[in-house]
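S.K.: Dropping a structure here in structure tokens format, bear with me for questions.
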Number of protein chains: 2
Amino acid sequence: MSAPTLPERPRLPWDPPEHFEKRIPEGDNRERLVCGRCEFIHYQNPKIVAGAVCTWRDPGDDGGKEKILLAKRAIEPRKGFWTLPAGYMELGETTEQAAQREAREEACATIEIDRLLAMYSVARIGQVQIMYRARLLSADVAAGPESEDVALVDWADIPWDQLAFPTVVWALAHFHESRDKADFATYSNPTGDLARMWPPRKPEGV
Amino acid sequence: MSAPTLPERPRLPWDPPEHFEKRIPEGDNRERLVCGRCEFIHYQNPKIVAGAVCTWRDPGDDGGKEKILLAKRAIEPRKGFWTLPAGYMELGETTEQAAQREAREEACATIEIDRLLAMYSVARIGQVQIMYRARLLSADVAAGPESEDVALVDWADIPWDQLAFPTVVWALAHFHESRDKADFATYSNPTGDLARMWPPRKPEGV
């Protein structure tokens with residue numbers, strides 16, 4: 001049985017139309033896409049995805065286990081697979097605000113940012129993913145328009161082989177390693193076994 | 001004497017032409033700029049600026065002071081003022097590679113990344129600035145095309161009131177605070193006095 005292919009980069013709404021041509025604009029040193037009709041230079045830069053590993057601990061539950069918020073994707077790519085609330089940062093907000101907005105939009109969740117957990121560069125698809133550690137302010141969560149379902153799961157119940165992307169595995173593994181630490185260097189792209197999390201699976205040692 | 005105005009956001013090469021109109025595209029929930037001629041949706045997202053506080057310590061210089069790499073801007077905004085090597089991240093690279101490339105382009109410097117120092121959201125101008133702590137691999141530095149001059153300066157000689165942007169003051173202050181620390185939380189936008197570094201000046205306690 002062969003592994004599922006890492007999802008092809010889908011055609012995205014911001015992909016330029018065919019009458020845009022590659023050219024080095026004056027004063028620049030690399031090729032850019034330029035509109036062949038109006039000379040508009042369409043600079044393409046990496047996009048920021050902001051999200052969070054959001055936890056909840058039932059106040060009345062002595063020694064109760066910390067639960068982690070996951071959302072099941074209602075949209076491609078990887079529809080039906082589980083992810084952490086995260087999405088494209090918009091103009092006019094900070095990275096923290098973007099992570100809070102995405103938790104609200106995807107899981108109707110209100111979160112408080114704890115601290116920066118990780119920053120991953122995914123050069124293949126032009127993304128920088130900025131992941132926070134955050135606390136849910138209530139267990140009242142629900143699927144937003146881009147989610148089929150949401151769940152607060154025990155660590156032992158994380159559906160590792162049903163996770164949407166390698167970076168979701170990375171963020172959960174790094175979250176686990178950072179538990180109970182206040183001061184730690186922000187995690188970045190892993191090396192070794194954790195770097196090879198496709199197809200998604202439970203990493204060793206977590 | 002009034003303070004210099006924080007530089008107006010200049011007209012940038014990626015600013016859209018006038019025949020682009022604001023509209024909420026189908027399936028979206030906020031206004032985007034759409035080309036009135038070809039319906040191309042011009043998504044605008046925050047851009048990543050990557051850079052570094054780069055240090056050099058002369059190997060033969062017993063107890064010699066650590067020096068910091070600064071570059072004098074040859075371009076607007078803030079031409080003639082001093083900055084840290086930093087610039088827009090490009091597609092196909094990691095944040096670390098972007099910071100290394102900018103050090104090479106602006107100061108002909110070869111650097112080794114130590115760790116992530118700070119991440120600042122500058123929502124007003126749609127930027128996220130990602131600043132590393134880095135070591136120069138040689139003291140052989142020189143002005144690149146976007147710099148009028150470069151310098152390796154002692155901490156005591158930093159020209160605080162000649163720095164180009166508030167974030168340059170922030171990064172230097174945070175670098176100073178992080179000295180000799182290996183594990184520390186990545187710095188983010190400061191609060192208090194350090195948040196008000198316009199006009200640029202030496203912050204208290206550094």
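Residues are named by chain letter and number: chains run A, B, ... in the order of the structure tokens, numbers start at 1 in each chain, and ligands are numbered from 1 in the order shown.
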For chain A against chain B, which residues fall within 6 Å using only C-alpha atoms, given as a list in words?

M.R.: Asn45, Pro46, Glu90, Leu91, Gly92, Glu93, Thr94, Ser121, Ala123, Gly126, Asp183, Phe184 and Ala185 of chain A

S.K.: Find the residues near stretch 147-155 of chain B: any atom within 6 Å, counting only C-alpha atoms, skip ones fewer than 2 places away on the same chain, and give them as a short mmCIF file (atom, residue, chain, number, x, y, z; two decimals) with N, CA and C atoms, in the first residue's frame.

M.R.:
```
data_model
loop_
_atom_site.label_atom_id
_atom_site.label_comp_id
_atom_site.auth_asym_id
_atom_site.auth_seq_id
_atom_site.Cartn_x
_atom_site.Cartn_y
_atom_site.Cartn_z
N LYS B 67 31.03 43.57 18.81
CA LYS B 67 30.57 44.65 17.94
C LYS B 67 29.32 44.25 17.19
N ILE B 68 28.53 45.25 16.86
CA ILE B 68 27.23 45.00 16.22
C ILE B 68 27.23 45.61 14.82
N LEU B 69 26.69 44.84 13.89
CA LEU B 69 26.66 45.28 12.48
C LEU B 69 25.47 46.20 12.22
N LEU B 70 25.77 47.41 11.76
CA LEU B 70 24.71 48.35 11.34
C LEU B 70 24.97 48.75 9.88
N ALA B 71 23.89 49.08 9.19
CA ALA B 71 24.00 49.53 7.80
C ALA B 71 23.25 50.86 7.67
N LYS B 72 23.84 51.78 6.91
CA LYS B 72 23.24 53.10 6.70
C LYS B 72 22.42 53.04 5.42
N ARG B 73 21.16 53.37 5.51
CA ARG B 73 20.26 53.20 4.37
C ARG B 73 20.58 54.14 3.21
N ALA B 74 20.65 53.57 2.03
CA ALA B 74 20.90 54.37 0.81
C ALA B 74 19.59 54.65 0.09
N GLU B 106 22.82 43.51 1.93
CA GLU B 106 22.92 44.88 2.45
C GLU B 106 24.29 45.19 3.06
N ALA B 142 30.85 45.14 3.95
CA ALA B 142 30.91 46.30 3.05
C ALA B 142 29.50 46.67 2.62
N ALA B 143 29.32 47.92 2.23
CA ALA B 143 28.00 48.38 1.82
C ALA B 143 27.55 47.68 0.54
N GLY B 144 26.34 47.10 0.58
CA GLY B 144 25.71 46.58 -0.64
C GLY B 144 24.95 47.71 -1.32
N PRO B 145 24.25 47.42 -2.43
CA PRO B 145 23.59 48.46 -3.23
C PRO B 145 22.55 49.30 -2.45
N ASP B 157 28.56 52.81 21.33
CA ASP B 157 28.62 53.76 20.22
C ASP B 157 27.42 53.68 19.29
N ILE B 158 26.41 52.93 19.65
CA ILE B 158 25.23 52.86 18.79
C ILE B 158 24.60 54.25 18.67
#
```

S.K.: Counting only C-alpha atoms, figure out which residue out of B:Leu137, B:Glu146, B:Cys54, B:Gln162 gets nearest to B:Ile75.

M.R.: B:Glu146

S.K.: Here is a test: counting only C-alpha atoms, which residue of B:Phe81, B:Ala109, B:His174, B:Ala103 is nearest to B:Trp160?

M.R.: B:Phe81

S.K.: Could you name the residues that touch A:Phe165 at 10 Å or less, counting only C-alpha atoms, but leaving out those on the same chain fewer than 6 positions away, as a count of residues only?

M.R.: 12

S.K.: Excluding B:Pro166 and any residue of its chain fewer than 2 positions from it, enumerate the residues within 9 Å of it, using only C-alpha atoms, and give them as number ranges by chain.

M.R.: B: 163-164, 168-171, 194-201

S.K.: Just all heavy atoms for this one: save the residues we selected as a CSV table (one decimal), in the first residue's frame.

M.R.:
```csv
chain,number,residue,atom,x,y,z
B,163,LEU,N,18.9,56.0,14.4
B,163,LEU,CA,18.4,54.8,13.9
B,163,LEU,C,17.2,55.0,13.0
B,163,LEU,O,16.4,56.0,13.2
B,163,LEU,CB,18.0,53.9,15.1
B,163,LEU,CG,19.3,53.4,15.9
B,163,LEU,CD1,18.8,52.5,17.1
B,163,LEU,CD2,20.3,52.7,15.1
B,164,ALA,N,16.9,54.1,12.1
B,164,ALA,CA,15.9,54.3,11.1
B,164,ALA,C,14.5,54.1,11.5
B,164,ALA,O,13.6,54.9,11.1
B,164,ALA,CB,16.2,53.4,9.9
B,168,VAL,N,14.0,48.9,15.0
B,168,VAL,CA,15.5,48.7,15.1
B,168,VAL,C,15.9,49.0,16.6
B,168,VAL,O,16.7,48.2,17.2
B,168,VAL,CB,16.2,49.7,14.2
B,168,VAL,CG1,17.7,49.5,14.4
B,168,VAL,CG2,15.9,49.4,12.7
B,169,VAL,N,15.2,50.0,17.2
B,169,VAL,CA,15.5,50.2,18.6
B,169,VAL,C,15.0,49.0,19.5
B,169,VAL,O,15.7,48.5,20.4
B,169,VAL,CB,14.8,51.5,19.1
B,169,VAL,CG1,15.1,51.8,20.6
B,169,VAL,CG2,15.2,52.7,18.2
B,170,TRP,N,13.8,48.5,19.1
B,170,TRP,CA,13.3,47.4,19.9
B,170,TRP,C,14.2,46.2,19.8
B,170,TRP,O,14.5,45.5,20.8
B,170,TRP,CB,11.9,46.9,19.3
B,170,TRP,CG,10.9,47.9,19.4
B,170,TRP,CD1,10.9,49.2,20.0
B,170,TRP,CD2,9.5,47.8,18.8
B,170,TRP,NE1,9.7,49.8,19.8
B,170,TRP,CE2,8.9,49.0,19.1
B,170,TRP,CE3,8.9,46.8,18.1
B,170,TRP,CZ2,7.5,49.2,18.6
B,170,TRP,CZ3,7.6,47.0,17.6
B,170,TRP,CH2,6.9,48.2,17.9
B,171,ALA,N,14.7,45.9,18.6
B,171,ALA,CA,15.5,44.7,18.4
B,171,ALA,C,16.8,44.8,19.1
B,171,ALA,O,17.3,43.8,19.7
B,171,ALA,CB,15.7,44.4,16.9
B,194,LEU,N,9.4,51.5,25.9
B,194,LEU,CA,10.1,51.0,24.7
B,194,LEU,C,9.1,51.0,23.5
B,194,LEU,O,9.6,51.0,22.3
B,194,LEU,CB,10.6,49.6,24.9
B,194,LEU,CG,11.5,49.0,23.8
B,194,LEU,CD1,12.7,49.8,23.5
B,194,LEU,CD2,12.0,47.6,24.2
B,195,ALA,N,7.8,50.9,23.8
B,195,ALA,CA,6.8,51.0,22.7
B,195,ALA,C,6.8,52.4,22.0
B,195,ALA,O,6.3,52.5,20.9
B,195,ALA,CB,5.4,50.6,23.2
B,196,ARG,N,7.3,53.4,22.7
B,196,ARG,CA,7.2,54.7,22.2
B,196,ARG,C,8.6,55.2,21.8
B,196,ARG,O,9.1,56.2,22.4
B,196,ARG,CB,6.6,55.6,23.2
B,196,ARG,CG,5.1,55.3,23.5
B,196,ARG,CD,4.5,56.2,24.6
B,196,ARG,NE,5.1,56.0,25.9
B,196,ARG,CZ,4.7,55.1,26.8
B,196,ARG,NH1,3.7,54.3,26.4
B,196,ARG,NH2,5.3,54.9,27.9
B,197,MET,N,9.2,54.6,20.8
B,197,MET,CA,10.6,55.0,20.4
B,197,MET,C,10.6,55.8,19.1
B,197,MET,O,11.4,55.6,18.3
B,197,MET,CB,11.4,53.7,20.2
B,197,MET,CG,11.9,53.1,21.5
B,197,MET,SD,13.0,54.3,22.3
B,197,MET,CE,12.5,54.2,24.1
B,198,TRP,N,9.6,56.7,19.1
B,198,TRP,CA,9.7,57.7,18.0
B,198,TRP,C,9.6,59.1,18.5
B,198,TRP,O,8.6,59.4,19.2
B,198,TRP,CB,8.6,57.4,16.9
B,198,TRP,CG,8.9,58.2,15.7
B,198,TRP,CD1,8.4,59.4,15.3
B,198,TRP,CD2,9.8,57.8,14.7
B,198,TRP,NE1,9.0,59.8,14.2
B,198,TRP,CE2,9.8,58.8,13.7
B,198,TRP,CE3,10.6,56.7,14.5
B,198,TRP,CZ2,10.7,58.8,12.6
B,198,TRP,CZ3,11.4,56.6,13.4
B,198,TRP,CH2,11.4,57.7,12.4
B,199,PRO,N,10.5,60.0,18.3
B,199,PRO,CA,11.8,59.7,17.5
B,199,PRO,C,12.7,58.7,18.2
B,199,PRO,O,12.6,58.6,19.4
B,199,PRO,CB,12.4,61.1,17.4
B,199,PRO,CG,11.9,61.8,18.6
B,199,PRO,CD,10.5,61.4,18.8
B,200,PRO,N,13.5,58.0,17.4
B,200,PRO,CA,14.4,57.0,18.0
B,200,PRO,C,15.3,57.7,19.1
B,200,PRO,O,15.8,58.8,18.9
B,200,PRO,CB,15.2,56.5,16.8
B,200,PRO,CG,14.5,56.9,15.6
B,200,PRO,CD,13.8,58.2,16.0
B,201,ARG,N,15.5,56.9,20.1
B,201,ARG,CA,16.5,57.4,21.2
B,201,ARG,C,16.9,56.2,22.0
B,201,ARG,O,16.4,55.1,21.8
B,201,ARG,CB,15.8,58.4,22.1
B,201,ARG,CG,14.6,57.9,22.8
B,201,ARG,CD,13.8,59.0,23.5
B,201,ARG,NE,12.7,58.5,24.3
B,201,ARG,CZ,11.5,58.1,23.7
B,201,ARG,NH1,11.3,58.2,22.4
B,201,ARG,NH2,10.6,57.6,24.5
```

S.K.: Give me every helix (DSSP H, G or I) residue in chain B, going by DSSP on the backbone, as a ChimeraX atom specification.

M.R.: /B:95-107,123-125,155-157,160-162,166-178,192-195
